[in-house]
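All remarks here apply to the structure that follows.
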Amino acid sequence: MHARLSFVLVALVGMLPAAPARGGELVLAEGGRTAFQIVLADDASPSTKYAASELQSFLEQITGAKLPIVSDKEPAGPHEIVLGNNARLKALGVAIDFGALGLEGYVLRTSGPHLIIAGGAQRGTLYGVYGLLEDHLGCRWFAPGVSRIPKMPRLAIKDLNETKIPVLEYREPFTMDCFDGDWCARNRVNSSAGRLEARHGGKIRFGDGFFCHTFAGLVPPEKYFKEHPEYFSLVGGKRQDGYAQLCCTNEDVIRLCTEGVLAAMKAQPDAFVFSVSQNDTDKHCECDKCQALARQEDSQMAPVLHLVNRVAEAAEKQFPDKAVETLAYQWTRRPPKTMRPRPNVIIRLCSIECCFSHPLATCDSAANKAFVADLKGWAKVSKRLWVWDYVTDFSHYLLPFPNQRVRNDNIRLFIENNVKGIFEQDTYNTPQGELSALGGYMTAKFLWNPDYDENVAMNEFLEAYYGKAAGPIRKYIDLLHDRVERENIHVVIWAPPSSRHLSNELLTAADGLWDEAEKQTADQPETLRRVRIARMSVDYAIVERALAELGRGKEGDQNLIALARRRMQPFLDTLATSGLTHLNEGGRPKIDEYRTRVTTALTPKP
């Protein structure tokens, strides 16, 4: 465990399957019976109460023994699991620095014949329960409905004295397959888009309408442009109506943005982050005042940060527990030379231009080198740096995208450079994107513990989710990744089916591996369904490349065309029932339209 991770591991002697003290161990259950009870305070937080029910449920699944849940006002029992901050801690003489644990840190500790699981009231104690179950008892929650809960007729633990505080305050695998609230909590991610409720300890919540690209909402051009064109960006000597940017040095613009943010903070007391950020276009303001500041700071971020800092200054006086966020994105990505974000400002640095088939830190592409330079620059000047990262092909959600091996490397790079929050944008508006459930699981593991072994994460998921097909699917993943590494092929998030990271030969080999995967699971209907859904990725690439080959006439690759015709109907049948609703971020063409187009194009003419 590396010190840079801020995971404080005080002393861990290990956990073994186990009853009241025997040779320095606590036997929690044996032969379906237990001497232990779970103790919590009557006024415990919703997440701590839920932690008790989760612990009770999973220990029963593991051992067959159901531990009773009792109040700390009841007489102490001889063997207890003390959950959260309750009266038993004082009686046991156990001191825990809850302030140091924050919202999500926790302690696992044995004290005589007792086990203590205690952490921050918001999510810490709940995470402590999952830490015990996952890190020491081998439980895993791979996807909603797919888990691994070991069976242990005798569950024993040895001495524990472990403290964990997550290094990242914000952890989000932004994947529709991963929005289930129980899955998020059990994998210890506090996703803003996750269906996390009070019982889960809530989540990192952005203000409604304040997630990103908020300039148009804060100062709507349809409301203000006619009378105040000076509020909006000057581009080429002309003030911009419609979707452009704001003039960030205009005092009235600063006032309107401040009023809007303060009103939202007042109206949404349970929201934490409010974005004051550029619209999703360029058209930055070229007025004399904005550009004088940009030249002085050698960055177009300077006028934007000038505005954001002013809003944040007003916000911290009334709402010191909230944060103002802005994007370092495309034309604002470079950090300014001397300006500094205020302490309550979050800079969310975006990696949109990068290659994602190689680790950001070691890739030789110019885009990655420039991004890493900006990351290091922001690490020096921002007290609260988050990253918006990208982990899918937004033009083709089903296209094979060789980035599973870089997820851990990139997350570690971010953490090494003072990043405190990571948003991994994946296939967020449809389920069943290319290996989405695998990517979501691996990302969740790395966001909580950046040193989690990449191969362990991948293999344990494949074995649980795809059963006997895990072997050929892993060979397919390796085939795809080996090619981009061996040939140094850069892959961006808008890669087309013609991208060099794919070839007709690779897809033919991949098709054979998926044939084997289906064969291995032919007698397991649910697992076979998952295999066929995952196979859509290769089928999609085969079909799309075959359509291009058909355009070449007799010179096209006839073998690939024949393969596409053989795979067309199984692919389209699976597509129709898979639940996938978007082929790309924009949602065009619709699935039915796409199926019709493919059938028409690939059906041989009589």
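Simple scheme: letters A, B, ... for chains in structure tokens order, numbers from 1 for residues in each chain, numbers from 1 for ligands in the order shown.
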Alpha helix (DSSP H) per DSSP on the backbone: members of region 222-424 of chain A, as a count of residues only: 74
Report as a CSV table (one decimal) with C-alpha atoms, in the first residue's frame all protein, DNA and RNA residues lying within 8 Å of Asp252 (chain A), evaluated on only C-alpha atoms, omitting residues in the same chain fewer than 3 positions from it.
```
chain,number,residue,atom,x,y,z
A,231,TYR,CA,-23.1,40.3,-21.9
A,255,ARG,CA,-23.6,39.7,-10.9
A,256,LEU,CA,-26.2,37.5,-12.8
```
message: What's around Arg500 (chain A) at 12 Å? Count only C-alpha atoms, leave out sequence neighbours fewer than 4 positions away in its own chain, and write the answer as a ChimeraX atom specification.
response: /A:357,400-402,480,483-484,487-492,495-496,504-507,545
Computed gap from CA of Lys369 (chain A) to CA of Ile477 (chain A) is 26.2 Å
Closest of A:His358, A:Val538, A:Ala312, A:Phe371 to Pro335 (chain A), counting only C-alpha atoms, is A:Phe371
For region 176-266 of chain A against region 142-162 of chain A, with a cut-off of 10 Å and counting only C-alpha atoms, what is the closest atom pair and its distance in Å to one decimal for every residue that makes the cut, ordered by chain and number, as JSON lines?
```
{"residue": "A:Asp177", "atom": "CA", "partner": "A:Ala143", "partner_atom": "CA", "distance": 7.6}
{"residue": "A:Cys178", "atom": "CA", "partner": "A:Ala143", "partner_atom": "CA", "distance": 7.2}
{"residue": "A:Phe179", "atom": "CA", "partner": "A:Pro144", "partner_atom": "CA", "distance": 9.2}
{"residue": "A:Asp180", "atom": "CA", "partner": "A:Pro144", "partner_atom": "CA", "distance": 6.8}
{"residue": "A:Gly181", "atom": "CA", "partner": "A:Pro144", "partner_atom": "CA", "distance": 9.3}
{"residue": "A:Asp182", "atom": "CA", "partner": "A:Pro144", "partner_atom": "CA", "distance": 8.0}
{"residue": "A:Trp183", "atom": "CA", "partner": "A:Pro144", "partner_atom": "CA", "distance": 6.0}
{"residue": "A:Cys184", "atom": "CA", "partner": "A:Pro144", "partner_atom": "CA", "distance": 9.4}
{"residue": "A:Arg186", "atom": "CA", "partner": "A:Phe142", "partner_atom": "CA", "distance": 9.8}
{"residue": "A:Asn187", "atom": "CA", "partner": "A:Phe142", "partner_atom": "CA", "distance": 8.7}
```
Item checked: Distance query Lys289 (chain A) at most 10 Å, only C-alpha atoms, self and fewer than 5 positions along chain excluded, as a PyMOL selection string -> chain A and resi 247-250+294+303
- Pull the strand (DSSP E) assignments for region 121-184 of chain A out of DSSP run on the backbone, and list those residues as JSON, numbers by chain. {"A": [140, 141, 142, 143, 146, 147, 148, 154, 155, 156, 157, 158, 160, 161, 162, 163, 164, 170, 171, 172, 173, 174]}
Export of the given selection (N, CA, C and O atoms) as a CSV table (one decimal), in the first residue's frame:
```
chain,number,residue,atom,x,y,z
A,140,ARG,N,-18.0,-10.1,-3.7
A,140,ARG,CA,-17.9,-9.2,-4.8
A,140,ARG,C,-19.3,-8.9,-5.4
A,140,ARG,O,-20.1,-9.8,-5.4
A,141,TRP,N,-19.5,-7.7,-5.9
A,141,TRP,CA,-20.7,-7.3,-6.5
A,141,TRP,C,-20.3,-6.8,-7.9
A,141,TRP,O,-19.9,-5.7,-8.1
A,142,PHE,N,-20.4,-7.7,-8.9
A,142,PHE,CA,-19.9,-7.4,-10.2
A,142,PHE,C,-20.8,-6.5,-11.0
A,142,PHE,O,-20.4,-5.6,-11.7
A,143,ALA,N,-22.1,-6.8,-11.0
A,143,ALA,CA,-23.1,-6.1,-11.7
A,143,ALA,C,-24.4,-6.3,-11.0
A,143,ALA,O,-24.5,-7.3,-10.2
A,146,VAL,N,-25.5,-9.9,-10.3
A,146,VAL,CA,-24.4,-10.8,-10.4
A,146,VAL,C,-23.4,-10.5,-9.3
A,146,VAL,O,-22.7,-9.5,-9.3
A,147,SER,N,-23.2,-11.5,-8.4
A,147,SER,CA,-22.3,-11.2,-7.2
A,147,SER,C,-21.6,-12.6,-6.9
A,147,SER,O,-22.0,-13.6,-7.4
A,148,ARG,N,-20.7,-12.5,-6.0
A,148,ARG,CA,-20.0,-13.7,-5.4
A,148,ARG,C,-20.0,-13.5,-3.9
A,148,ARG,O,-19.4,-12.7,-3.4
A,154,ARG,N,-17.7,-22.1,8.9
A,154,ARG,CA,-17.0,-21.5,10.1
A,154,ARG,C,-16.4,-20.2,9.7
A,154,ARG,O,-15.5,-20.2,8.8
A,155,LEU,N,-16.8,-19.1,10.2
A,155,LEU,CA,-16.3,-17.8,9.9
A,155,LEU,C,-15.6,-17.2,11.1
A,155,LEU,O,-16.2,-16.9,12.1
A,156,ALA,N,-14.3,-17.1,11.0
A,156,ALA,CA,-13.4,-16.6,12.1
A,156,ALA,C,-12.6,-15.5,11.5
A,156,ALA,O,-12.1,-15.5,10.4
A,157,ILE,N,-12.3,-14.5,12.4
A,157,ILE,CA,-11.4,-13.4,12.1
A,157,ILE,C,-10.3,-13.3,13.1
A,157,ILE,O,-10.6,-13.6,14.3
A,158,LYS,N,-9.2,-12.9,12.7
A,158,LYS,CA,-8.1,-12.7,13.6
A,158,LYS,C,-8.0,-11.2,13.9
A,158,LYS,O,-8.8,-10.4,13.5
A,160,LEU,N,-7.7,-7.4,14.2
A,160,LEU,CA,-7.8,-6.4,13.2
A,160,LEU,C,-7.6,-5.0,13.8
A,160,LEU,O,-8.1,-4.7,14.9
A,161,ASN,N,-6.8,-4.2,13.1
A,161,ASN,CA,-6.7,-2.8,13.5
A,161,ASN,C,-6.4,-2.0,12.2
A,161,ASN,O,-5.3,-1.7,11.8
A,162,GLU,N,-7.5,-1.7,11.5
A,162,GLU,CA,-7.3,-1.2,10.1
A,162,GLU,C,-8.1,0.1,10.0
A,162,GLU,O,-9.3,0.2,10.4
A,163,THR,N,-7.5,1.1,9.4
A,163,THR,CA,-8.2,2.4,9.1
A,163,THR,C,-8.0,2.7,7.7
A,163,THR,O,-6.9,2.6,7.1
A,164,LYS,N,-9.2,3.0,7.0
A,164,LYS,CA,-9.1,3.4,5.6
A,164,LYS,C,-9.9,4.7,5.4
A,164,LYS,O,-11.0,4.9,5.8
A,170,TYR,N,-14.6,12.0,-4.8
A,170,TYR,CA,-15.6,11.9,-5.8
A,170,TYR,C,-15.2,10.8,-6.7
A,170,TYR,O,-14.1,10.8,-7.3
A,171,ARG,N,-16.1,9.7,-6.8
A,171,ARG,CA,-15.7,8.5,-7.6
A,171,ARG,C,-17.0,8.2,-8.5
A,171,ARG,O,-17.9,7.7,-7.9
A,172,GLU,N,-16.9,8.3,-9.8
A,172,GLU,CA,-18.0,8.1,-10.6
A,172,GLU,C,-17.7,7.3,-11.9
A,172,GLU,O,-17.2,7.9,-12.8
A,173,PRO,N,-18.1,6.1,-11.9
A,173,PRO,CA,-18.2,5.4,-13.2
A,173,PRO,C,-19.5,5.7,-13.9
A,173,PRO,O,-20.5,5.1,-13.6
A,174,PHE,N,-19.5,6.7,-14.8
A,174,PHE,CA,-20.7,7.2,-15.4
A,174,PHE,C,-21.2,6.3,-16.5
A,174,PHE,O,-21.0,6.6,-17.7
```
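The nearest approach to Ser233 (chain A) among the residues A:Arg532, A:Lys283, A:His481, A:Arg195, with only C-alpha atoms taken into account, belongs to A:Lys283.
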